[in-house]
Amino acid sequence: TRRHILVTGGAGYIGSHMTLALLGAGERPLVIDNLSTGSRAIVPTDVPFFEGNVGDADFVGRIMDEHPIEAIIHFAASIVVPESVTQPLAYYGNNTANARTLLECAVNHGVPHVVFSSTAAVYGEPDRTPVEEDDPTRPINPYGRSKLMVEWMLADIAQAYPFSYAALRYFNVAGADPQGRAGQSTPNATHLIKIAVQAALGKRSGLDVYGTDYSTPDGSCIRDYVHVSDLAQAHLDALDYLRAGKPSITCNIGYANGYSVLDVINVVKRVSGVDFEVRIKGRRAGDPAALIAANQRARTALSWTPRYDDLEQIVRDALAWERRLG
Ligand code: UFG
């Protein structure tokens with residue numbers, strides 16, 4: 001029997017796109033999600049689904065006893081930077097401690113590969129942009145630290161056991177499936193493009209900009225926005241890479257293009273044709289001024305070839321999904 005790809009967080013924003021990408025590639029995804037932010041409805045009905053926590057060793061162990069797992073793609077995590085500042089223990093519990101349990105189950109069941117959702121937040125305030133994978137990791141918020149610790153666990157496990165991993169450091173994931181099959185449905189989402197398209201559709205009254213006093217050309221923060229479908233493709237590429245027996249790897253996933261918060265707002269206004277209200281506020285806790293990915297490693301080692309490196313397309317797809325949500 002062919003083995004499954006276990007997708008944790010498969011009922012969430014990125015995980016749901018991953019499940020579609022796996023099905024499209026002829027793989028057999030199996031989803032675990034605790035539905036804390038995800039939605040059961042977005043998981044295709046023919047994909048095995050288990051509701052529960054990746055930090056529950058009995059639950060995960062039982063699934064692995066019954067279903068042979070070839071690789072785990074581990075998305076399930078908390079992802080809001082300012083929330084990690086006020087609730088650090090929740091982040092170390094959900095992101096770090098739960099990953100440890102999941103990895104222990106993986107090792108005990110001889111699961112040979114993990115693709116891990118890491119983050120640009122491991123770099124903190126990089127000394128240079130674009131930032132490269134071997135540049136120093138000095139996270140400036142609990143979110144980044146909670147993820148960096150998992151990278152360390154993975155590196156140590158890969159030394160101790162027959163096991164390999166790909167840690168993908170995502171930059172700012174945005175947009176939605178260009179075919180309209182999935183998108184960001186998270187209630188109370190905090191991410192800039194999601195908030196901006198909601199403002200454009202009148203689902204919220206305007207948008208607050210958290211700081212225009214950063215040392216960037218227009219004073220607002222710069223980020224590298226990557227289309228969620230390109231991100232899912234990077235995981236398929238990482239899976240192929242690990243299956244080929246290549247060594248564990250850490251890769252940035254971004255386009256090496258930076259846009260400021262004010263740039264993004266202008267694109268959303270232009271694409272939507274709506275001039276929503278923008279209020280300049282003070283800085284938000286935990287925000288670095290600029291994060292841009294060097295991506296040569298992903299392009300070369302994983303053969304990752306982005307298809308949607310276009311902020312207008314990202315915004316168009318995000319808008320289309322937001323309209324569909326009604
Ligand atoms: N922002 C606003 N107003 C808003 C929302 C966001 O001005 O209403 C600003 C933020 O202050 C920040 C930028 O837009 O400067 C992007 O903020 P997001 O909340 O969209 O994303 P973050 O950069 O804080 O974090 C995201 C993911 C993390 C990931 C990080 C990597 O949430 O998981 O990108 O760059 F680590």
# chains A, B, ... in the order shown; residues from 1 in each chain; ligands from 1
>>> closest_atom_pairs(of="chain A", to="ligand 1", cutoff="9 Å", atoms="only C-alpha atoms and all ligand atoms", output="tab-separated table")
residue	atom	partner	partner_atom_place_in_ligand_line	distance
A:Ser78	CA	ligand 1	33 (O)	8.1
A:Ile79	CA	ligand 1	33 (O)	4.5
A:Val80	CA	ligand 1	32 (O)	5.1
A:Val81	CA	ligand 1	24 (O)	5.4
A:Pro82	CA	ligand 1	24 (O)	7.4
A:Ser118	CA	ligand 1	36 (F)	7.7
A:Thr119	CA	ligand 1	36 (F)	4.4
A:Ala120	CA	ligand 1	31 (C)	4.4
A:Ala121	CA	ligand 1	36 (F)	4.4
A:Val122	CA	ligand 1	36 (F)	7.6
A:Tyr143	CA	ligand 1	36 (F)	7.5
A:Gly144	CA	ligand 1	36 (F)	6.8
A:Arg169	CA	ligand 1	36 (F)	8.0
A:Tyr170	CA	ligand 1	31 (C)	6.2
A:Phe171	CA	ligand 1	31 (C)	4.2
A:Asn172	CA	ligand 1	34 (O)	4.1
A:Val173	CA	ligand 1	34 (O)	6.8
A:Ala174	CA	ligand 1	20 (O)	8.4
A:Ala189	CA	ligand 1	19 (O)	8.6
A:Thr190	CA	ligand 1	19 (O)	5.4
A:His191	CA	ligand 1	20 (O)	3.3
A:Leu192	CA	ligand 1	20 (O)	3.8
A:Ile193	CA	ligand 1	20 (O)	6.5
A:Lys194	CA	ligand 1	20 (O)	7.9
A:Ile195	CA	ligand 1	8 (O)	5.8
A:Ala196	CA	ligand 1	8 (O)	7.3
A:Leu207	CA	ligand 1	8 (O)	5.6
A:Asp208	CA	ligand 1	3 (N)	5.0
A:Val209	CA	ligand 1	7 (O)	3.4
A:Tyr210	CA	ligand 1	7 (O)	4.0
A:Gly211	CA	ligand 1	7 (O)	6.8
A:Thr212	CA	ligand 1	7 (O)	8.8
A:Ser220	CA	ligand 1	15 (O)	6.8
A:Cys221	CA	ligand 1	15 (O)	4.4
A:Ile222	CA	ligand 1	15 (O)	6.6
A:Arg223	CA	ligand 1	35 (O)	6.2
A:Asp224	CA	ligand 1	35 (O)	7.0
A:Tyr225	CA	ligand 1	35 (O)	8.2
A:Ser260	CA	ligand 1	13 (C)	7.8
A:Val261	CA	ligand 1	14 (O)	5.4
A:Leu262	CA	ligand 1	7 (O)	8.3
A:Val264	CA	ligand 1	14 (O)	8.8
A:Ile280	CA	ligand 1	7 (O)	8.2
A:Lys281	CA	ligand 1	7 (O)	8.1
A:Arg283	CA	ligand 1	11 (O)	6.8
A:Arg284	CA	ligand 1	11 (O)	5.6
A:Ala285	CA	ligand 1	11 (O)	8.3
A:Gly286	CA	ligand 1	24 (O)	7.7
A:Asp287	CA	ligand 1	15 (O)	5.9
A:Pro288	CA	ligand 1	15 (O)	7.3
A:Ala289	CA	ligand 1	15 (O)	7.1
A:Ala290	CA	ligand 1	15 (O)	8.2
A:Leu291	CA	ligand 1	35 (O)	6.0
A:Ile292	CA	ligand 1	35 (O)	8.0
>>> closest_atom_pairs(of="segment 187-249 of chain A", to="segment 1-14 of chain A", cutoff="10 Å", atoms="only C-alpha atoms", output="tab-separated table")
residue	atom	partner	partner_atom	distance
A:Val228	CA	A:Ile14	CA	6.5
A:Ser229	CA	A:Ile14	CA	8.6
A:Leu231	CA	A:Ile14	CA	8.2
A:Ala232	CA	A:Ile14	CA	7.4
A:Leu239	CA	A:Ile5	CA	9.5
>>> write_last_selection(atoms="N, CA and C atoms", output="PDB file, in the first residue's frame")
ATOM      1  N   VAL A 228       0.319  31.840  -1.685  1.00  0.00           N
ATOM      2  CA  VAL A 228       0.133  30.579  -0.954  1.00  0.00           C
ATOM      3  C   VAL A 228       0.272  29.358  -1.873  1.00  0.00           C
ATOM      4  N   SER A 229      -0.077  29.489  -3.141  1.00  0.00           N
ATOM      5  CA  SER A 229       0.040  28.331  -4.048  1.00  0.00           C
ATOM      6  C   SER A 229       1.499  28.059  -4.409  1.00  0.00           C
ATOM      7  N   LEU A 231       3.851  28.662  -2.316  1.00  0.00           N
ATOM      8  CA  LEU A 231       4.356  28.083  -1.070  1.00  0.00           C
ATOM      9  C   LEU A 231       4.026  26.588  -1.008  1.00  0.00           C
ATOM     10  N   ALA A 232       2.799  26.216  -1.360  1.00  0.00           N
ATOM     11  CA  ALA A 232       2.425  24.796  -1.363  1.00  0.00           C
ATOM     12  C   ALA A 232       3.331  24.020  -2.321  1.00  0.00           C
ATOM     13  N   LEU A 239       9.407  17.666  -0.660  1.00  0.00           N
ATOM     14  CA  LEU A 239       9.098  16.238  -0.513  1.00  0.00           C
ATOM     15  C   LEU A 239       9.901  15.413  -1.524  1.00  0.00           C
TER      16      LEU A 239
END
>>> select_by_dssp(residues="segment 189-296 of chain A", states="strand (DSSP E or B)", output="ChimeraX atom specification")
/A:207-210,222-223,225-227,249-253,259-260,278-281,290,293
>>> closest_residue(among="A:Val111, A:Ala90, A:Ala166, A:Leu302", to="Pro142 of chain A", atoms="only C-alpha atoms")
A:Ala90
>>> residues_around(residues="Leu89 of chain A", least_positions_apart="3", cutoff="12 Å", atoms="only C-alpha atoms", output="PDB file with C-alpha atoms, in the first residue's frame")
ATOM      1  CA  SER A  78      -0.016  29.654  16.288  1.00  0.00           C
ATOM      2  CA  GLU A  83      -0.177  37.672  20.230  1.00  0.00           C
ATOM      3  CA  SER A  84       3.042  35.738  20.893  1.00  0.00           C
ATOM      4  CA  VAL A  85       4.326  38.758  22.812  1.00  0.00           C
ATOM      5  CA  THR A  86       1.343  38.777  25.189  1.00  0.00           C
ATOM      6  CA  TYR A  92       5.969  27.736  23.345  1.00  0.00           C
ATOM      7  CA  GLY A  93       3.296  25.142  24.146  1.00  0.00           C
ATOM      8  CA  ASN A  94       1.551  25.002  20.803  1.00  0.00           C
ATOM      9  CA  ASN A  95       4.551  25.570  18.549  1.00  0.00           C
ATOM     10  CA  THR A  96       7.516  24.132  20.435  1.00  0.00           C
ATOM     11  CA  ALA A  97       6.272  21.545  22.951  1.00  0.00           C
ATOM     12  CA  PRO A 142       8.398  34.668  21.116  1.00  0.00           C
ATOM     13  CA  TYR A 143       6.828  33.473  17.846  1.00  0.00           C
ATOM     14  CA  ARG A 145      11.880  31.769  19.088  1.00  0.00           C
ATOM     15  CA  SER A 146       9.155  29.122  19.365  1.00  0.00           C
TER      16      SER A 146
END
>>> residues_around(residues="Leu168 of chain A", least_positions_apart="5", cutoff="12 Å", atoms="only C-alpha atoms", output="PDB file with N, CA and C atoms, in the first residue's frame")
ATOM      1  N   ILE A  73       4.016  16.877   6.952  1.00  0.00           N
ATOM      2  CA  ILE A  73       4.141  18.303   6.663  1.00  0.00           C
ATOM      3  C   ILE A  73       3.446  18.998   7.826  1.00  0.00           C
ATOM      4  N   HIS A  74       4.250  19.678   8.630  1.00  0.00           N
ATOM      5  CA  HIS A  74       3.751  20.156   9.923  1.00  0.00           C
ATOM      6  C   HIS A  74       3.436  21.650   9.900  1.00  0.00           C
ATOM      7  N   PHE A  75       2.130  21.960   9.689  1.00  0.00           N
ATOM      8  CA  PHE A  75       1.680  23.352   9.662  1.00  0.00           C
ATOM      9  C   PHE A  75       1.091  23.799  11.000  1.00  0.00           C
ATOM     10  N   VAL A 114      10.272  14.959   7.487  1.00  0.00           N
ATOM     11  CA  VAL A 114       9.372  16.029   7.930  1.00  0.00           C
ATOM     12  C   VAL A 114       9.667  17.285   7.113  1.00  0.00           C
ATOM     13  N   VAL A 115       8.587  17.918   6.659  1.00  0.00           N
ATOM     14  CA  VAL A 115       8.706  19.276   6.104  1.00  0.00           C
ATOM     15  C   VAL A 115       8.085  20.195   7.143  1.00  0.00           C
ATOM     16  N   PHE A 116       8.886  21.142   7.624  1.00  0.00           N
ATOM     17  CA  PHE A 116       8.465  21.966   8.758  1.00  0.00           C
ATOM     18  C   PHE A 116       8.198  23.402   8.331  1.00  0.00           C
ATOM     19  N   SER A 117       7.086  23.951   8.817  1.00  0.00           N
ATOM     20  CA  SER A 117       6.725  25.352   8.585  1.00  0.00           C
ATOM     21  C   SER A 117       7.518  26.229   9.520  1.00  0.00           C
ATOM     22  N   SER A 118       8.658  26.698   9.056  1.00  0.00           N
ATOM     23  CA  SER A 118       9.390  27.677   9.841  1.00  0.00           C
ATOM     24  C   SER A 118       9.058  29.069   9.303  1.00  0.00           C
ATOM     25  N   THR A 119       9.806  30.050   9.705  1.00  0.00           N
ATOM     26  CA  THR A 119       9.363  31.419   9.458  1.00  0.00           C
ATOM     27  C   THR A 119      10.532  32.376   9.321  1.00  0.00           C
ATOM     28  N   ALA A 120      10.318  33.418   8.564  1.00  0.00           N
ATOM     29  CA  ALA A 120      11.282  34.508   8.462  1.00  0.00           C
ATOM     30  C   ALA A 120      11.517  35.156   9.820  1.00  0.00           C
ATOM     31  N   ALA A 121      10.567  34.961  10.740  1.00  0.00           N
ATOM     32  CA  ALA A 121      10.720  35.575  12.059  1.00  0.00           C
ATOM     33  C   ALA A 121      11.917  35.009  12.829  1.00  0.00           C
ATOM     34  N   VAL A 122      12.502  33.910  12.386  1.00  0.00           N
ATOM     35  CA  VAL A 122      13.705  33.405  13.074  1.00  0.00           C
ATOM     36  C   VAL A 122      14.880  34.369  12.907  1.00  0.00           C
ATOM     37  N   GLU A 133      19.947  32.106   4.249  1.00  0.00           N
ATOM     38  CA  GLU A 133      19.660  31.084   5.249  1.00  0.00           C
ATOM     39  C   GLU A 133      20.759  30.948   6.297  1.00  0.00           C
ATOM     40  N   LYS A 147       9.582  28.870  16.973  1.00  0.00           N
ATOM     41  CA  LYS A 147       9.823  28.131  15.731  1.00  0.00           C
ATOM     42  C   LYS A 147      11.299  27.762  15.585  1.00  0.00           C
ATOM     43  N   LEU A 148      12.185  28.664  15.992  1.00  0.00           N
ATOM     44  CA  LEU A 148      13.621  28.382  15.865  1.00  0.00           C
ATOM     45  C   LEU A 148      14.004  27.170  16.719  1.00  0.00           C
ATOM     46  N   VAL A 150      12.271  24.598  17.212  1.00  0.00           N
ATOM     47  CA  VAL A 150      11.896  23.383  16.478  1.00  0.00           C
ATOM     48  C   VAL A 150      12.947  23.090  15.400  1.00  0.00           C
ATOM     49  N   GLU A 151      13.454  24.133  14.760  1.00  0.00           N
ATOM     50  CA  GLU A 151      14.547  23.897  13.803  1.00  0.00           C
ATOM     51  C   GLU A 151      15.722  23.193  14.496  1.00  0.00           C
ATOM     52  N   LEU A 231       3.851  28.662  -2.316  1.00  0.00           N
ATOM     53  CA  LEU A 231       4.356  28.083  -1.070  1.00  0.00           C
ATOM     54  C   LEU A 231       4.026  26.588  -1.008  1.00  0.00           C
ATOM     55  N   ALA A 232       2.799  26.216  -1.360  1.00  0.00           N
ATOM     56  CA  ALA A 232       2.425  24.796  -1.363  1.00  0.00           C
ATOM     57  C   ALA A 232       3.331  24.020  -2.321  1.00  0.00           C
ATOM     58  N   GLN A 233       3.589  24.606  -3.476  1.00  0.00           N
ATOM     59  CA  GLN A 233       4.479  23.947  -4.443  1.00  0.00           C
ATOM     60  C   GLN A 233       5.873  23.719  -3.846  1.00  0.00           C
ATOM     61  N   ALA A 234       6.357  24.654  -3.067  1.00  0.00           N
ATOM     62  CA  ALA A 234       7.682  24.492  -2.437  1.00  0.00           C
ATOM     63  C   ALA A 234       7.710  23.246  -1.552  1.00  0.00           C
ATOM     64  N   HIS A 235       6.575  22.937  -0.914  1.00  0.00           N
ATOM     65  CA  HIS A 235       6.515  21.730  -0.073  1.00  0.00           C
ATOM     66  C   HIS A 235       6.539  20.465  -0.923  1.00  0.00           C
ATOM     67  N   LEU A 236       5.853  20.483  -2.063  1.00  0.00           N
ATOM     68  CA  LEU A 236       5.928  19.321  -2.961  1.00  0.00           C
ATOM     69  C   LEU A 236       7.372  19.127  -3.425  1.00  0.00           C
ATOM     70  N   ASP A 237       8.029  20.238  -3.743  1.00  0.00           N
ATOM     71  CA  ASP A 237       9.430  20.159  -4.185  1.00  0.00           C
ATOM     72  C   ASP A 237      10.323  19.626  -3.061  1.00  0.00           C
ATOM     73  N   ALA A 238      10.045  20.068  -1.831  1.00  0.00           N
ATOM     74  CA  ALA A 238      10.840  19.604  -0.684  1.00  0.00           C
ATOM     75  C   ALA A 238      10.635  18.105  -0.457  1.00  0.00           C
ATOM     76  N   LEU A 239       9.407  17.666  -0.660  1.00  0.00           N
ATOM     77  CA  LEU A 239       9.098  16.238  -0.513  1.00  0.00           C
ATOM     78  C   LEU A 239       9.901  15.413  -1.524  1.00  0.00           C
ATOM     79  N   SER A 248      19.198  16.913   4.867  1.00  0.00           N
ATOM     80  CA  SER A 248      18.293  17.909   5.451  1.00  0.00           C
ATOM     81  C   SER A 248      18.696  19.303   5.009  1.00  0.00           C
ATOM     82  N   ILE A 249      17.668  20.162   4.908  1.00  0.00           N
ATOM     83  CA  ILE A 249      17.910  21.483   4.319  1.00  0.00           C
ATOM     84  C   ILE A 249      17.001  22.527   4.968  1.00  0.00           C
ATOM     85  N   THR A 250      17.466  23.763   4.992  1.00  0.00           N
ATOM     86  CA  THR A 250      16.676  24.900   5.468  1.00  0.00           C
ATOM     87  C   THR A 250      16.627  25.922   4.339  1.00  0.00           C
ATOM     88  N   CYS A 251      15.426  26.312   3.937  1.00  0.00           N
ATOM     89  CA  CYS A 251      15.277  27.224   2.792  1.00  0.00           C
ATOM     90  C   CYS A 251      14.315  28.350   3.104  1.00  0.00           C
ATOM     91  N   ASN A 252      14.681  29.548   2.694  1.00  0.00           N
ATOM     92  CA  ASN A 252      13.719  30.652   2.662  1.00  0.00           C
ATOM     93  C   ASN A 252      12.709  30.407   1.547  1.00  0.00           C
ATOM     94  N   ILE A 253      11.453  30.779   1.804  1.00  0.00           N
ATOM     95  CA  ILE A 253      10.464  30.760   0.731  1.00  0.00           C
ATOM     96  C   ILE A 253       9.867  32.162   0.637  1.00  0.00           C
ATOM     97  N   GLY A 254      10.333  32.888  -0.345  1.00  0.00           N
ATOM     98  CA  GLY A 254       9.879  34.247  -0.614  1.00  0.00           C
ATOM     99  C   GLY A 254      10.375  34.602  -2.001  1.00  0.00           C
ATOM    100  N   ALA A 293      13.406  37.834   1.451  1.00  0.00           N
ATOM    101  CA  ALA A 293      14.066  36.527   1.327  1.00  0.00           C
ATOM    102  C   ALA A 293      15.077  36.497   0.197  1.00  0.00           C
ATOM    103  N   ASN A 295      16.321  33.748  -2.209  1.00  0.00           N
ATOM    104  CA  ASN A 295      15.658  32.456  -2.471  1.00  0.00           C
ATOM    105  C   ASN A 295      16.447  31.540  -3.405  1.00  0.00           C
ATOM    106  N   ARG A 297      18.633  29.338  -2.757  1.00  0.00           N
ATOM    107  CA  ARG A 297      18.754  27.961  -2.289  1.00  0.00           C
ATOM    108  C   ARG A 297      17.521  27.145  -2.663  1.00  0.00           C
ATOM    109  N   ALA A 298      16.340  27.696  -2.432  1.00  0.00           N
ATOM    110  CA  ALA A 298      15.111  26.965  -2.786  1.00  0.00           C
ATOM    111  C   ALA A 298      15.051  26.734  -4.296  1.00  0.00           C
ATOM    112  N   LEU A 302      15.931  22.836  -4.294  1.00  0.00           N
ATOM    113  CA  LEU A 302      14.593  22.221  -4.371  1.00  0.00           C
ATOM    114  C   LEU A 302      14.016  22.299  -5.782  1.00  0.00           C
ATOM    115  N   TRP A 304      12.633  24.853  -6.914  1.00  0.00           N
ATOM    116  CA  TRP A 304      11.387  25.613  -6.745  1.00  0.00           C
ATOM    117  C   TRP A 304      11.332  26.726  -7.790  1.00  0.00           C
TER     118      TRP A 304
END
